[in-house]
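Next comes start.pdb, a file with PDB, C-alpha atoms, pLDDT in the B column.
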ATOM      1  CA  MET A   1    -135.920-103.870-124.725  1.00 46.00           C
ATOM      2  CA  SER A   2    -135.466-100.297-123.515  1.00 50.00           C
ATOM      3  CA  ARG A   3    -133.166-101.638-120.802  1.00 52.00           C
ATOM      4  CA  GLN A   4    -131.041-103.302-123.478  1.00 52.00           C
ATOM      5  CA  LYS A   5    -130.835-100.098-125.486  1.00 51.00           C
ATOM      6  CA  GLN A   6    -129.913 -98.188-122.358  1.00 53.00           C
ATOM      7  CA  PHE A   7    -126.761-100.297-121.917  1.00 56.00           C
ATOM      8  CA  SER A   8    -125.802-100.655-125.582  1.00 54.00           C
ATOM      9  CA  THR A   9    -122.984 -98.176-125.917  1.00 53.00           C
ATOM     10  CA  VAL A  10    -121.324 -99.395-129.087  1.00 51.00           C
ATOM     11  CA  THR A  11    -122.390 -99.216-132.706  1.00 57.00           C
ATOM     12  CA  ARG A  12    -124.174-101.813-134.811  1.00 65.00           C
ATOM     13  CA  ASN A  13    -122.531-105.115-135.749  1.00 71.00           C
ATOM     14  CA  ARG A  14    -120.611-104.978-132.507  1.00 81.00           C
ATOM     15  CA  LEU A  15    -121.654-105.912-128.995  1.00 87.00           C
ATOM     16  CA  SER A  16    -121.419-103.461-126.132  1.00 90.00           C
ATOM     17  CA  ASP A  17    -119.367-104.330-123.044  1.00 91.00           C
ATOM     18  CA  HIS A  18    -122.632-105.027-121.230  1.00 92.00           C
ATOM     19  CA  ASP A  19    -123.806-107.458-123.920  1.00 92.00           C
ATOM     20  CA  MET A  20    -120.471-109.259-123.942  1.00 94.00           C
ATOM     21  CA  LEU A  21    -120.449-109.791-120.183  1.00 94.00           C
ATOM     22  CA  LEU A  22    -124.090-110.848-120.198  1.00 94.00           C
ATOM     23  CA  ASP A  23    -123.422-113.377-122.960  1.00 95.00           C
ATOM     24  CA  LEU A  24    -120.435-114.803-121.085  1.00 96.00           C
ATOM     25  CA  MET A  25    -122.438-115.019-117.903  1.00 95.00           C
ATOM     26  CA  MET A  26    -125.221-116.942-119.656  1.00 95.00           C
ATOM     27  CA  THR A  27    -122.681-119.301-121.227  1.00 96.00           C
ATOM     28  CA  GLU A  28    -121.047-119.895-117.836  1.00 96.00           C
ATOM     29  CA  LYS A  29    -124.451-120.594-116.295  1.00 95.00           C
ATOM     30  CA  HIS A  30    -125.167-123.139-118.996  1.00 95.00           C
ATOM     31  CA  LEU A  31    -121.769-124.758-118.382  1.00 96.00           C
ATOM     32  CA  SER A  32    -122.408-124.861-114.651  1.00 96.00           C
ATOM     33  CA  SER A  33    -125.713-126.627-115.260  1.00 95.00           C
ATOM     34  CA  LEU A  34    -123.932-129.112-117.551  1.00 95.00           C
ATOM     35  CA  TYR A  35    -121.320-129.867-114.862  1.00 96.00           C
ATOM     36  CA  ASP A  36    -124.069-130.267-112.309  1.00 95.00           C
ATOM     37  CA  HIS A  37    -125.738-132.993-114.383  1.00 94.00           C
ATOM     38  CA  CYS A  38    -122.378-134.560-115.175  1.00 93.00           C
ATOM     39  CA  VAL A  39    -121.265-134.831-111.546  1.00 93.00           C
ATOM     40  CA  LEU A  40    -124.543-136.491-110.611  1.00 93.00           C
ATOM     41  CA  GLU A  41    -124.292-139.011-113.436  1.00 91.00           C
ATOM     42  CA  THR A  42    -120.633-139.936-113.222  1.00 91.00           C
ATOM     43  CA  THR A  43    -119.534-143.164-111.572  1.00 91.00           C
ATOM     44  CA  THR A  44    -115.758-142.699-111.791  1.00 88.00           C
ATOM     45  CA  PRO A  45    -114.405-140.937-108.653  1.00 91.00           C
ATOM     46  CA  VAL A  46    -111.481-139.318-110.522  1.00 89.00           C
ATOM     47  CA  VAL A  47    -113.813-137.809-113.111  1.00 91.00           C
ATOM     48  CA  SER A  48    -116.246-136.732-110.400  1.00 93.00           C
ATOM     49  CA  ASP A  49    -113.468-134.889-108.517  1.00 94.00           C
ATOM     50  CA  ALA A  50    -112.250-133.176-111.683  1.00 93.00           C
ATOM     51  CA  ILE A  51    -115.768-132.052-112.595  1.00 95.00           C
ATOM     52  CA  GLU A  52    -116.346-130.710-109.083  1.00 96.00           C
ATOM     53  CA  ARG A  53    -113.184-128.604-109.367  1.00 95.00           C
ATOM     54  CA  LEU A  54    -114.282-127.313-112.782  1.00 96.00           C
ATOM     55  CA  GLN A  55    -117.718-126.531-111.356  1.00 96.00           C
ATOM     56  CA  ALA A  56    -116.166-124.531-108.488  1.00 96.00           C
ATOM     57  CA  ASP A  57    -114.033-122.555-110.977  1.00 96.00           C
ATOM     58  CA  THR A  58    -117.112-121.899-113.116  1.00 96.00           C
ATOM     59  CA  HIS A  59    -118.928-120.527-110.065  1.00 96.00           C
ATOM     60  CA  ASP A  60    -115.926-118.257-109.388  1.00 95.00           C
ATOM     61  CA  ASN A  61    -116.030-116.985-112.975  1.00 95.00           C
ATOM     62  CA  VAL A  62    -119.755-116.274-112.781  1.00 95.00           C
ATOM     63  CA  HIS A  63    -119.180-114.415-109.514  1.00 95.00           C
ATOM     64  CA  THR A  64    -116.371-112.359-111.098  1.00 95.00           C
ATOM     65  CA  LEU A  65    -118.625-111.467-114.044  1.00 95.00           C
ATOM     66  CA  PHE A  66    -121.496-110.678-111.688  1.00 94.00           C
ATOM     67  CA  ILE A  67    -119.344-108.329-109.566  1.00 94.00           C
ATOM     68  CA  ALA A  68    -117.994-106.592-112.686  1.00 94.00           C
ATOM     69  CA  MET A  69    -121.514-106.082-114.044  1.00 93.00           C
ATOM     70  CA  GLN A  70    -122.766-104.856-110.697  1.00 92.00           C
ATOM     71  CA  GLN A  71    -119.902-102.362-110.419  1.00 92.00           C
ATOM     72  CA  HIS A  72    -120.890-100.922-113.799  1.00 91.00           C
ATOM     73  CA  GLY A  73    -124.556-100.799-112.777  1.00 90.00           C
ATOM     74  CA  TRP A  74    -125.576-103.396-115.363  1.00 90.00           C
ATOM     75  CA  TYR A  75    -126.853-106.102-113.069  1.00 82.00           C
ATOM     76  CA  ASN A  76    -129.043-105.072-110.186  1.00 78.00           C
ATOM     77  CA  PRO A  77    -131.551-107.771-109.403  1.00 72.00           C
ATOM     78  CA  GLU A  78    -134.389-106.317-107.364  1.00 70.00           C
ATOM     79  CA  GLN A  79    -134.679-107.517-103.806  1.00 69.00           C
ATOM     80  CA  ALA A  80    -137.754-109.680-103.531  1.00 67.00           C
ATOM     81  CA  GLU A  81    -140.120-108.138-101.031  1.00 66.00           C
ATOM     82  CA  SER A  82    -140.700-110.406 -98.093  1.00 67.00           C
ATOM     83  CA  SER A  83    -144.321-111.499 -97.831  1.00 67.00           C
ATOM     84  CA  ASP A  84    -144.186-111.097 -94.041  1.00 70.00           C
ATOM     85  CA  ARG A  85    -142.863-107.537 -94.292  1.00 74.00           C
ATOM     86  CA  LEU A  86    -145.489-106.634 -96.870  1.00 72.00           C
ATOM     87  CA  LEU A  87    -148.181-108.338 -94.806  1.00 74.00           C
ATOM     88  CA  LYS A  88    -147.318-106.121 -91.828  1.00 76.00           C
ATOM     89  CA  SER A  89    -146.966-102.860 -93.745  1.00 78.00           C
ATOM     90  CA  ASN A  90    -149.848-103.269 -96.192  1.00 78.00           C
ATOM     91  CA  PRO A  91    -152.000-106.371 -95.573  1.00 77.00           C
ATOM     92  CA  LYS A  92    -154.518-105.476 -98.259  1.00 75.00           C
ATOM     93  CA  GLN A  93    -151.847-105.277-100.948  1.00 74.00           C
ATOM     94  CA  ALA A  94    -150.139-108.436 -99.639  1.00 73.00           C
ATOM     95  CA  TYR A  95    -153.365-110.440 -99.825  1.00 71.00           C
ATOM     96  CA  LYS A  96    -153.916-109.206-103.341  1.00 69.00           C
ATOM     97  CA  LYS A  97    -150.304-109.746-104.444  1.00 68.00           C
ATOM     98  CA  PHE A  98    -149.873-113.257-103.040  1.00 67.00           C
ATOM     99  CA  ASP A  99    -153.474-114.260-103.719  1.00 65.00           C
ATOM    100  CA  LEU A 100    -154.178-115.194-100.097  1.00 65.00           C
ATOM    101  CA  THR A 101    -157.875-114.437-100.138  1.00 63.00           C
ATOM    102  CA  SER A 102    -160.547-117.091 -99.752  1.00 61.00           C
ATOM    103  CA  GLU A 103    -161.602-116.281-103.324  1.00 60.00           C
ATOM    104  CA  SER A 104    -158.191-117.408-104.537  1.00 60.00           C
ATOM    105  CA  LYS A 105    -158.309-120.129-107.159  1.00 57.00           C
ATOM    106  CA  TYR A 106    -155.990-122.150-104.910  1.00 60.00           C
ATOM    107  CA  ALA A 107    -158.201-121.948-101.821  1.00 58.00           C
ATOM    108  CA  GLY A 108    -160.179-125.073-101.071  1.00 57.00           C
ATOM    109  CA  SER A 109    -163.895-124.668-100.511  1.00 55.00           C
ATOM    110  CA  SER A 110    -166.971-126.837-100.243  1.00 58.00           C
ATOM    111  CA  GLY A 111    -169.113-124.314-102.045  1.00 57.00           C
ATOM    112  CA  PRO A 112    -172.041-122.640-100.246  1.00 59.00           C
ATOM    113  CA  ARG A 113    -171.211-124.215 -96.891  1.00 59.00           C
ATOM    114  CA  GLY A 114    -167.854-122.508 -96.963  1.00 55.00           C
ATOM    115  CA  SER A 115    -165.941-125.163 -95.068  1.00 58.00           C
ATOM    116  CA  GLY A 116    -162.301-125.321 -95.990  1.00 57.00           C
ATOM    117  CA  ARG A 117    -162.232-121.600 -96.599  1.00 57.00           C
ATOM    118  CA  ARG A 118    -159.360-119.610 -95.205  1.00 60.00           C
ATOM    119  CA  VAL A 119    -160.251-118.095 -91.841  1.00 59.00           C
ATOM    120  CA  SER A 120    -158.567-115.253 -90.030  1.00 63.00           C
ATOM    121  CA  HIS A 121    -156.613-115.753 -86.811  1.00 63.00           C
ATOM    122  CA  GLU A 122    -159.398-113.995 -84.843  1.00 65.00           C
ATOM    123  CA  GLN A 123    -162.085-116.247 -86.294  1.00 65.00           C
ATOM    124  CA  ARG A 124    -160.018-119.325 -85.531  1.00 61.00           C
ATOM    125  CA  ARG A 125    -159.353-118.174 -81.942  1.00 67.00           C
ATOM    126  CA  ASP A 126    -163.072-117.469 -81.438  1.00 70.00           C
ATOM    127  CA  SER A 127    -164.047-120.872 -82.790  1.00 66.00           C
ATOM    128  CA  LEU A 128    -161.570-122.583 -80.478  1.00 65.00           C
ATOM    129  CA  THR A 129    -162.635-120.690 -77.334  1.00 65.00           C
ATOM    130  CA  ASN A 130    -166.369-121.150 -77.938  1.00 61.00           C
TER     131      ASN A 130
ATOM    132  CA  MET B   1    -101.823-138.708-121.354  1.00 54.00           C
ATOM    133  CA  ARG B   2    -104.087-140.392-118.818  1.00 58.00           C
ATOM    134  CA  GLN B   3    -106.501-143.093-119.947  1.00 58.00           C
ATOM    135  CA  ASN B   4    -109.699-143.307-117.934  1.00 65.00           C
ATOM    136  CA  ASN B   5    -112.194-146.063-118.388  1.00 82.00           C
ATOM    137  CA  LEU B   6    -115.110-143.771-119.039  1.00 88.00           C
ATOM    138  CA  ASN B   7    -118.565-145.099-119.684  1.00 89.00           C
ATOM    139  CA  PRO B   8    -120.384-143.718-122.762  1.00 92.00           C
ATOM    140  CA  LYS B   9    -122.507-141.351-120.677  1.00 92.00           C
ATOM    141  CA  GLU B  10    -119.501-139.792-118.944  1.00 92.00           C
ATOM    142  CA  ARG B  11    -117.734-139.480-122.268  1.00 93.00           C
ATOM    143  CA  ALA B  12    -120.754-137.763-123.828  1.00 94.00           C
ATOM    144  CA  TYR B  13    -121.005-135.294-120.932  1.00 94.00           C
ATOM    145  CA  LEU B  14    -117.290-134.512-121.060  1.00 94.00           C
ATOM    146  CA  GLU B  15    -117.382-134.049-124.851  1.00 95.00           C
ATOM    147  CA  GLY B  16    -120.282-131.625-124.411  1.00 95.00           C
ATOM    148  CA  ALA B  17    -118.478-129.747-121.640  1.00 95.00           C
ATOM    149  CA  LEU B  18    -115.336-129.517-123.785  1.00 96.00           C
ATOM    150  CA  GLN B  19    -117.349-127.994-126.629  1.00 96.00           C
ATOM    151  CA  VAL B  20    -118.824-125.350-124.315  1.00 96.00           C
ATOM    152  CA  GLU B  21    -115.405-124.631-122.751  1.00 96.00           C
ATOM    153  CA  ASN B  22    -113.963-124.167-126.252  1.00 96.00           C
ATOM    154  CA  LEU B  23    -116.861-121.871-127.105  1.00 96.00           C
ATOM    155  CA  CYS B  24    -116.083-119.862-123.949  1.00 96.00           C
ATOM    156  CA  ILE B  25    -112.414-119.597-124.971  1.00 97.00           C
ATOM    157  CA  ALA B  26    -113.403-118.286-128.410  1.00 96.00           C
ATOM    158  CA  LYS B  27    -115.930-115.823-126.978  1.00 96.00           C
ATOM    159  CA  CYS B  28    -113.616-114.560-124.232  1.00 95.00           C
ATOM    160  CA  SER B  29    -110.726-114.002-126.679  1.00 95.00           C
ATOM    161  CA  VAL B  30    -112.895-112.098-129.157  1.00 95.00           C
ATOM    162  CA  TYR B  31    -114.621-110.072-126.427  1.00 95.00           C
ATOM    163  CA  ALA B  32    -111.302-109.281-124.715  1.00 94.00           C
ATOM    164  CA  ASP B  33    -110.049-107.806-127.989  1.00 93.00           C
ATOM    165  CA  GLN B  34    -113.226-105.816-128.571  1.00 92.00           C
ATOM    166  CA  CYS B  35    -113.808-104.651-125.011  1.00 90.00           C
ATOM    167  CA  ALA B  36    -113.589-100.895-124.483  1.00 86.00           C
ATOM    168  CA  ASP B  37    -112.952-100.987-120.741  1.00 89.00           C
ATOM    169  CA  HIS B  38    -109.339-101.822-119.864  1.00 92.00           C
ATOM    170  CA  GLU B  39    -110.170-103.560-116.570  1.00 92.00           C
ATOM    171  CA  LEU B  40    -112.821-105.711-118.223  1.00 93.00           C
ATOM    172  CA  LYS B  41    -110.328-106.577-120.953  1.00 94.00           C
ATOM    173  CA  ASN B  42    -107.845-107.878-118.371  1.00 94.00           C
ATOM    174  CA  MET B  43    -110.574-109.791-116.579  1.00 95.00           C
ATOM    175  CA  LEU B  44    -111.598-111.470-119.849  1.00 96.00           C
ATOM    176  CA  PHE B  45    -108.002-112.437-120.599  1.00 95.00           C
ATOM    177  CA  ARG B  46    -107.797-114.011-117.138  1.00 95.00           C
ATOM    178  CA  ILE B  47    -110.999-115.964-117.749  1.00 96.00           C
ATOM    179  CA  THR B  48    -109.675-117.104-121.161  1.00 96.00           C
ATOM    180  CA  LYS B  49    -106.553-118.488-119.488  1.00 95.00           C
ATOM    181  CA  ASP B  50    -108.702-120.241-116.882  1.00 94.00           C
ATOM    182  CA  LYS B  51    -110.901-121.724-119.611  1.00 96.00           C
ATOM    183  CA  ARG B  52    -107.854-123.097-121.468  1.00 96.00           C
ATOM    184  CA  GLN B  53    -106.845-124.923-118.292  1.00 95.00           C
ATOM    185  CA  HIS B  54    -110.375-126.324-118.008  1.00 95.00           C
ATOM    186  CA  ALA B  55    -110.298-127.539-121.597  1.00 96.00           C
ATOM    187  CA  ASN B  56    -106.952-129.233-120.935  1.00 95.00           C
ATOM    188  CA  ILE B  57    -108.285-130.969-117.808  1.00 94.00           C
ATOM    189  CA  ILE B  58    -111.265-132.302-119.777  1.00 95.00           C
ATOM    190  CA  LYS B  59    -108.983-133.437-122.601  1.00 94.00           C
ATOM    191  CA  GLN B  60    -106.853-135.282-120.046  1.00 92.00           C
ATOM    192  CA  GLU B  61    -109.931-137.085-118.765  1.00 91.00           C
ATOM    193  CA  LEU B  62    -110.966-137.950-122.302  1.00 92.00           C
ATOM    194  CA  GLY B  63    -107.445-139.117-123.167  1.00 87.00           C
ATOM    195  CA  LYS B  64    -106.998-136.520-125.902  1.00 77.00           C
ATOM    196  CA  PRO B  65    -103.825-134.513-126.571  1.00 73.00           C
ATOM    197  CA  GLU B  66    -103.774-131.186-124.710  1.00 67.00           C
ATOM    198  CA  TRP B  67    -103.929-127.746-126.255  1.00 60.00           C
ATOM    199  CA  GLN B  68    -100.475-126.235-126.738  1.00 57.00           C
ATOM    200  CA  HIS B  69     -99.867-122.495-126.794  1.00 54.00           C
ATOM    201  CA  GLN B  70     -98.496-121.586-130.222  1.00 47.00           C
ATOM    202  CA  GLN B  71     -95.518-119.245-130.242  1.00 41.00           C
TER     203      GLN B  71
END

Go through the file and emit its structure as structure tokens.
Amino acid sequence: MSRQKQFSTVTRNRLSDHDMLLDLMMTEKHLSSLYDHCVLETTTPVVSDAIERLQADTHDNVHTLFIAMQQHGWYNPEQAESSDRLLKSNPKQAYKKFDLTSESKYAGSSGPRGSGRRVSHEQRRDSLTN
Amino acid sequence: MRQNNLNPKERAYLEGALQVENLCIAKCSVYADQCADHELKNMLFRITKDKRQHANIIKQELGKPEWQHQQ
């Protein structure tokens, strides 16, 4: 919401340049998805070729809009932090963030016996050597 | 005008795509007029032209008359 306000440069009843580009980008994405379904469903080779060309052009348009928005500082998707990098730099935070602990709701366990629980590399190595 | 033997599914998809392409043409033209930035304005005009070509290609596939630029 605040992000939207930050980029809205024009008065009411009129979209800002940011809003216009964002709207076009969303429309192009929808069109691209439509072409994707269409090319998978079509059985006529001529139609399939035409749709593939239209799809490629749509991708070009989205890229053009994306570059324009990025140049104006309106579209900066955050780089997803690699789990490996985070695991090395801050294992505690990584375990918490990606829910890797044995208490995770996704971790399998046989209850009190604890078999199926996630074990550390050291524990696994010890169990294999002993 | 080319006549393709389209099955109903292909026809439905192409009709849908034509509607969205026409929507894009309308949006791009309006936004190009309203845009404050000159470079963005030119870019939107370019995209509008591109979209008109797309609409014409789809119309060809559907066997409909193409859009003509009015003088």

* **Selection result of the PyMOL selection byres ((chain B and resi 32-42) around 12) on this file, as an NGL selection string** => (:A and (9-10 or 13-21 or 24 or 64-69 or 71-72)) or (:B and (24-31 or 43-49))

* Asked: For this file, the PyMOL selection byres ((chain A) within 8 of (chain B)) selects which residues, as a PyMOL selection string?
  -> chain A and resi 16-17+20+24+27-28+31+34-35+38+41-42+44+47+50+54+61+68

* To do: Kindly indicate which residue among A:Ser48, A:Ser32, A:Asn76, A:Thr43 lies nearest to Pro8 (chain B), using all atoms listed in the file for the distances.
  =>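 Under the stated criterion, the closest residue is A:Thr43.
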
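From CA of Met25 (chain A) back to CA of Val62 (chain A), the distance works out to 5.9 Å.
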
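The interatomic distance for the pair CA of Arg52 (chain B) and CA of Thr58 (chain A) works out to 12.5 Å.
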
Show me, as JSON, the centre and edge lengths in Å to one decimal of the axis-aligned box that covers every listed atom of region 5-20 of chain B with 6 Å on each side.
{"center_x": -117.4, "center_y": -135.7, "center_z": -122.5, "size_x": 22.3, "size_y": 32.7, "size_z": 20.2}

* Between CA of Asn22 (chain B) and CA of Val46 (chain A), what is the spacing in Å? -> 22.0 Å

* Rank A:Asp84, A:Asp126, A:Asp23, A:Asp36 by their smallest atom-to-atom distance to Ala56 (chain A), using all atoms listed in the file, and report the top residue only. =>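 So, comparing all the options, the nearest one is A:Asp36.
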
Take region 58-74 of chain A, bring it up to N, CA and C atoms, and give me the output as a tab-separated table (two decimals), in the frame of the given file.
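Generated output (result_29.tsv):
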chain	number	residue	atom	x	y	z
A	58	THR	N	-116.04	-122.54	-112.33
A	58	THR	CA	-117.11	-121.90	-113.12
A	58	THR	C	-117.92	-120.95	-112.23
A	59	HIS	N	-118.20	-121.39	-111.01
A	59	HIS	CA	-118.93	-120.53	-110.06
A	59	HIS	C	-118.13	-119.25	-109.78
A	60	ASP	N	-116.79	-119.43	-109.62
A	60	ASP	CA	-115.93	-118.26	-109.39
A	60	ASP	C	-116.00	-117.28	-110.57
A	61	ASN	N	-115.97	-117.84	-111.78
A	61	ASN	CA	-116.03	-116.98	-112.98
A	61	ASN	C	-117.35	-116.23	-113.05
A	62	VAL	N	-118.44	-116.94	-112.75
A	62	VAL	CA	-119.76	-116.27	-112.78
A	62	VAL	C	-119.78	-115.16	-111.74
A	63	HIS	N	-119.20	-115.43	-110.58
A	63	HIS	CA	-119.18	-114.42	-109.51
A	63	HIS	C	-118.36	-113.20	-109.96
A	64	THR	N	-117.22	-113.46	-110.60
A	64	THR	CA	-116.37	-112.36	-111.10
A	64	THR	C	-117.15	-111.50	-112.10
A	65	LEU	N	-117.84	-112.19	-113.03
A	65	LEU	CA	-118.62	-111.47	-114.04
A	65	LEU	C	-119.76	-110.68	-113.38
A	66	PHE	N	-120.39	-111.32	-112.40
A	66	PHE	CA	-121.50	-110.68	-111.69
A	66	PHE	C	-121.02	-109.40	-110.98
A	67	ILE	N	-119.88	-109.50	-110.29
A	67	ILE	CA	-119.34	-108.33	-109.57
A	67	ILE	C	-119.00	-107.21	-110.56
A	68	ALA	N	-118.37	-107.59	-111.68
A	68	ALA	CA	-117.99	-106.59	-112.69
A	68	ALA	C	-119.23	-105.89	-113.23
A	69	MET	N	-120.28	-106.67	-113.51
A	69	MET	CA	-121.51	-106.08	-114.04
A	69	MET	C	-122.19	-105.20	-113.01
A	70	GLN	N	-122.14	-105.65	-111.76
A	70	GLN	CA	-122.77	-104.86	-110.70
A	70	GLN	C	-122.04	-103.53	-110.50
A	71	GLN	N	-120.70	-103.58	-110.58
A	71	GLN	CA	-119.90	-102.36	-110.42
A	71	GLN	C	-120.21	-101.33	-111.51
A	72	HIS	N	-120.56	-101.83	-112.69
A	72	HIS	CA	-120.89	-100.92	-113.80
A	72	HIS	C	-122.38	-100.56	-113.83
A	73	GLY	N	-123.12	-101.11	-112.85
A	73	GLY	CA	-124.56	-100.80	-112.78
A	73	GLY	C	-125.38	-101.52	-113.83
A	74	TRP	N	-124.88	-102.67	-114.30
A	74	TRP	CA	-125.58	-103.40	-115.36
A	74	TRP	C	-126.37	-104.58	-114.84
